[in-house]
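Report on the structure given below.
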Amino acid sequence: MKQCKITVFLKDLSIRFRKEVREGSLQATTTVVLCLSLVSFVVILAMFINNNVKKYLVSEDYSYYQLATVTPLSSRSPYPYFLCSSFLSPPSLQPLQFPITSLRDWVTPKELWHSMNDKELLWRASMVPHIDEYPYNRTPKVAFMFLTRGSLPLAPLWEMFFKGHEGLYSIYLHKSPEFTNQHPESSVFYQRQIPSKPAEWGRATMIDAERRLLANALLDFSNERFVLLSETCIPVFNFSTIYNYLMNSNQSFLGSFDDPRHMGRGRYNKRMRPTVTLSDWRKGSQWFEAHRKVAMEMVSDVKYYPVFRDHCRPPCYMDEHYFPTLVTKISPELNSNRSITWVDWSGGGSHPARFVRKDVSEAFLNQIRNGFICTYNGGITTVCFLFARKFHPSTLDPLLRIAPGLLGFRS
Ligand SMILES: *[C@@H]1O[C@H](CO)[C@@H](O)[C@H](O)[C@H]1NC(C)=O
Ligand SMILES: *[C@@H]1O[C@H](CO)[C@@H](O)[C@H](O)[C@H]1NC(C)=O
Ligand SMILES: *[C@@H]1O[C@H](CO)[C@@H](O)[C@H](O)[C@H]1NC(C)=O
């Protein structure tokens, strides 16, 4: 650019000079003045250019951008006119601002709170990378998703459970919005609450809450397995056992079966046809565990959700039918069809048994831990349940007493 202007100027000068010589009217003093002004002009020009070059070097962002787009033209360009015009209207010298955070911040958001609405959140969470290999060291985590009405009375037991396993789990809390109590800063539950909305048992709002939990947890690309838990749930094994059980399983654990009785098939509504037929219809526990792949399907479904929302209303309970049927329709081979959260229905009735202080003993917990037979990765095992529910707040004391020995929690 600079050469261009200098050339133009010198050409102009030499033409005038030669013209004056030809006319024979050249005075020695004029020559001296002219030469002096030429020298000072060149000096000023050099300073200006030098200053500009410095700016290129000092501002890194700018230099990358500029060097990449403009530099190749500066010396050997076949289009010198472009050079001149670009000099006449120089690009803005403001450093370019790239509002791009590091990949780490994007794949593992530190802040749980956000202003996305459900539609935006589900869409954002439904994104799947097309390159299988991660460009960073990914340690798979288990997402523990607590769907609660209010507080977590058994929190001290969970604190004990998680202790020493940082980096292998993520916690998400969905609470009724009227409960604003915060967990102390020292707690694993501190600031783990996601933007929540009221959820009613058996209604679509309950499914919305579960999908909201899944979607928030999916935003962290390290989360591999997703467990839904309530405030009455307890772990019946230590963290490493539960972590390995889930990570090594090639299936998800969503209870799903065909119940021929009126509380099963009897809840099916013919208006769901043809999207959902009676032979598709499944029932199962609300408390699921899902692999990332299945979790992705659960937040991305736009085909079955509206059918259930419109046609599964009490006495059809959406939280007992929607996911069990959806997974059977979409990826039956990825589901074990059994839940890993134990609950006692043996008393009959429409509610399972609730356990209080006097019910808790080592024998009782051992029965849940090893008293069943089921399949795991195609083999037979007696470890069928990793969690149990409904534990009243009064069970906390005996549980805290038994846990270190029986469950091997670090205290
Ligand atoms: C779970 O149920 C689905 C649908 O009925 C079936 O295709 C699948 O084989 C079942 N999985 C197991 C492990 O039994
Ligand atoms: C899970 O692993 C078992 C044992 O290797 C195998 O028989 C089964 O087909 C696998 N299931 C899936 C869905 O990959
Ligand atoms: C966790 O439990 C398993 C058995 O379930 C046991 O072998 C292991 O030692 C326990 N881990 C700790 C840290 O206590």
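As shown in the structure tokens, the chain order sets the letters A, B, ...; within each chain, residues go from 1, and ligands are also counted from 1 in the order they appear.
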Closest pair table for chain A residues within 6 Å of ligand 3, only C-alpha atoms and all ligand atoms, as CSV:
residue,atom,partner,partner_atom_place_in_ligand_line,distance
A:Phe237,CA,ligand 3,5 (O),5.9
A:Asn238,CA,ligand 3,1 (C),4.8
A:Ser240,CA,ligand 3,1 (C),5.9
A:Thr241,CA,ligand 3,1 (C),5.5
A:Gly408,CA,ligand 3,14 (O),3.7
A:Phe409,CA,ligand 3,14 (O),5.8
Restricting the output to N, CA and C atoms, write the selected residues as a compact mmCIF listing (two decimals), in the first residue's frame.
# COMPACT_ATOMS: atom_id res chain seq x y z
N PHE A 237 -26.05 -50.02 47.69
CA PHE A 237 -24.65 -50.41 47.50
C PHE A 237 -23.79 -49.15 47.59
N ASN A 238 -22.47 -49.35 47.69
CA ASN A 238 -21.59 -48.19 47.73
C ASN A 238 -21.42 -47.60 46.32
N SER A 240 -18.88 -47.13 44.22
CA SER A 240 -18.13 -47.82 43.16
C SER A 240 -18.89 -49.01 42.59
N THR A 241 -19.63 -49.72 43.45
CA THR A 241 -20.41 -50.86 42.95
C THR A 241 -21.50 -50.38 41.98
N GLY A 408 -20.29 -49.92 52.94
CA GLY A 408 -18.91 -49.52 52.65
C GLY A 408 -18.78 -48.07 52.25
N PHE A 409 -19.64 -47.21 52.80
CA PHE A 409 -19.51 -45.79 52.52
C PHE A 409 -18.33 -45.25 53.33
Per-residue nearest contacts chain A to ligand 1, cut-off 9 Å, using only C-alpha atoms and all ligand atoms, as CSV:
residue,atom,partner,partner_atom_place_in_ligand_line,distance
A:Gln251,CA,ligand 1,13 (C),8.0
A:Gly255,CA,ligand 1,1 (C),9.0
A:Ser256,CA,ligand 1,2 (O),6.8
A:Phe257,CA,ligand 1,5 (O),7.0
A:Asp258,CA,ligand 1,5 (O),7.8
A:Asp280,CA,ligand 1,5 (O),8.1
A:Arg282,CA,ligand 1,5 (O),8.3
A:Thr325,CA,ligand 1,4 (C),8.7
A:Val327,CA,ligand 1,4 (C),8.3
A:Thr328,CA,ligand 1,4 (C),5.0
A:Lys329,CA,ligand 1,4 (C),7.7
A:Ser331,CA,ligand 1,3 (C),8.2
A:Pro332,CA,ligand 1,3 (C),4.5
A:Glu333,CA,ligand 1,8 (C),5.3
A:Leu334,CA,ligand 1,11 (N),7.5
A:Asn335,CA,ligand 1,11 (N),5.6
A:Ser336,CA,ligand 1,13 (C),4.1
A:Asn337,CA,ligand 1,1 (C),4.8
A:Arg338,CA,ligand 1,13 (C),8.3
A:Thr375,CA,ligand 1,13 (C),7.8
A:Tyr376,CA,ligand 1,13 (C),8.6
A:Asn377,CA,ligand 1,13 (C),8.6
A:Gly378,CA,ligand 1,13 (C),7.9
Produce a file of the selected residues containing N, CA and C atoms, as a CSV table (one decimal), in the first residue's frame.
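See result_18.csv below for the written result:
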chain,number,residue,atom,x,y,z
A,251,GLN,N,-27.3,-52.3,28.7
A,251,GLN,CA,-28.8,-52.0,28.6
A,251,GLN,C,-29.2,-50.9,29.6
A,255,GLY,N,-38.3,-50.1,33.9
A,255,GLY,CA,-39.3,-51.1,34.1
A,255,GLY,C,-40.3,-51.0,32.9
A,256,SER,N,-40.6,-52.1,32.3
A,256,SER,CA,-41.5,-52.1,31.1
A,256,SER,C,-42.1,-53.5,30.9
A,257,PHE,N,-43.4,-53.6,31.1
A,257,PHE,CA,-44.1,-54.9,30.9
A,257,PHE,C,-45.5,-54.8,30.4
A,258,ASP,N,-46.0,-55.8,29.9
A,258,ASP,CA,-47.4,-55.8,29.4
A,258,ASP,C,-48.3,-56.4,30.5
A,280,ASP,N,-48.5,-52.3,21.7
A,280,ASP,CA,-47.3,-51.4,22.1
A,280,ASP,C,-47.4,-51.1,23.6
A,282,ARG,N,-47.3,-50.4,27.3
A,282,ARG,CA,-46.5,-51.0,28.4
A,282,ARG,C,-46.8,-50.2,29.7
A,325,THR,N,-43.6,-47.4,27.3
A,325,THR,CA,-44.1,-47.7,26.0
A,325,THR,C,-43.2,-47.0,24.9
A,327,VAL,N,-39.9,-46.4,25.0
A,327,VAL,CA,-38.7,-47.2,24.9
A,327,VAL,C,-38.9,-48.5,24.1
A,328,THR,N,-40.1,-49.1,24.4
A,328,THR,CA,-40.4,-50.4,23.7
A,328,THR,C,-40.6,-50.1,22.2
A,329,LYS,N,-41.2,-48.9,21.9
A,329,LYS,CA,-41.4,-48.6,20.5
A,329,LYS,C,-40.1,-48.2,19.8
A,331,SER,N,-36.5,-48.3,21.1
A,331,SER,CA,-35.3,-49.1,21.2
A,331,SER,C,-35.4,-50.2,22.1
A,332,PRO,N,-36.3,-51.2,21.8
A,332,PRO,CA,-36.5,-52.3,22.8
A,332,PRO,C,-35.3,-53.1,23.1
A,333,GLU,N,-34.3,-53.2,22.2
A,333,GLU,CA,-33.1,-54.0,22.4
A,333,GLU,C,-32.2,-53.3,23.4
A,334,LEU,N,-32.4,-52.0,23.7
A,334,LEU,CA,-31.5,-51.3,24.6
A,334,LEU,C,-32.1,-51.3,26.1
A,335,ASN,N,-33.2,-52.0,26.3
A,335,ASN,CA,-33.8,-52.0,27.6
A,335,ASN,C,-33.9,-53.4,28.2
A,336,SER,N,-33.5,-53.4,29.5
A,336,SER,CA,-33.6,-54.7,30.2
A,336,SER,C,-35.0,-54.9,30.7
A,337,ASN,N,-35.9,-53.9,30.6
A,337,ASN,CA,-37.3,-53.9,31.0
A,337,ASN,C,-37.5,-54.1,32.5
A,338,ARG,N,-36.4,-54.0,33.3
A,338,ARG,CA,-36.6,-54.1,34.7
A,338,ARG,C,-36.0,-52.8,35.4
A,375,THR,N,-31.5,-60.9,35.1
A,375,THR,CA,-30.4,-61.0,34.1
A,375,THR,C,-29.6,-59.7,34.1
A,376,TYR,N,-28.3,-59.8,33.7
A,376,TYR,CA,-27.5,-58.6,33.6
A,376,TYR,C,-26.5,-59.0,32.5
A,377,ASN,N,-26.5,-58.2,31.4
A,377,ASN,CA,-25.6,-58.4,30.2
A,377,ASN,C,-25.7,-59.9,29.8
A,378,GLY,N,-26.9,-60.4,29.8
A,378,GLY,CA,-27.1,-61.7,29.3
A,378,GLY,C,-26.9,-62.8,30.3
Worksheet, complete the sentence: Using only C-alpha atoms and all ligand atoms, the shortest atom-to-atom distance to ligand 2 among A:Cys316, A:Arg265, A:Thr275, A:Ser252 belongs to A:Ser252
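The neighbours of Ala388 of chain A here are the residues that come within 6 Å of it, using only C-alpha atoms and leaving out any residue fewer than 2 positions away in the same chain; they are Cys233, Ile234, Thr341, Trp342 and Val343 of chain A.
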Backbone-only DSSP, strand (DSSP E) members of segment 113-276 of chain A, as a tab-separated table (two decimals) with C-alpha atoms, in the first residue's frame:
chain	number	residue	atom	x	y	z
A	141	LYS	CA	-20.30	-39.84	34.87
A	142	VAL	CA	-23.56	-40.98	36.39
A	143	ALA	CA	-26.20	-38.25	36.57
A	144	PHE	CA	-28.25	-38.56	39.77
A	145	MET	CA	-31.50	-36.73	39.11
A	146	PHE	CA	-33.59	-36.03	42.19
A	147	LEU	CA	-37.23	-35.30	41.49
A	169	TYR	CA	-21.12	-38.17	39.21
A	170	SER	CA	-23.31	-35.12	38.60
A	171	ILE	CA	-26.33	-34.16	40.71
A	172	TYR	CA	-29.48	-32.44	39.51
A	173	LEU	CA	-32.40	-31.33	41.69
A	174	HIS	CA	-35.91	-30.58	40.51
A	223	ASN	CA	-22.95	-37.82	31.74
A	224	GLU	CA	-23.34	-41.36	30.44
A	225	ARG	CA	-25.99	-42.91	32.69
A	226	PHE	CA	-29.06	-41.15	34.11
A	227	VAL	CA	-30.86	-42.23	37.30
A	228	LEU	CA	-34.16	-40.75	38.41
A	229	LEU	CA	-34.61	-40.72	42.19
A	234	ILE	CA	-31.68	-44.70	49.27
A	235	PRO	CA	-28.68	-46.41	47.68
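Nearest to Arg357 of chain A of all the residues A:Phe308, A:Phe372, A:Phe391, A:Trp113 is A:Phe391, counting only C-alpha atoms.
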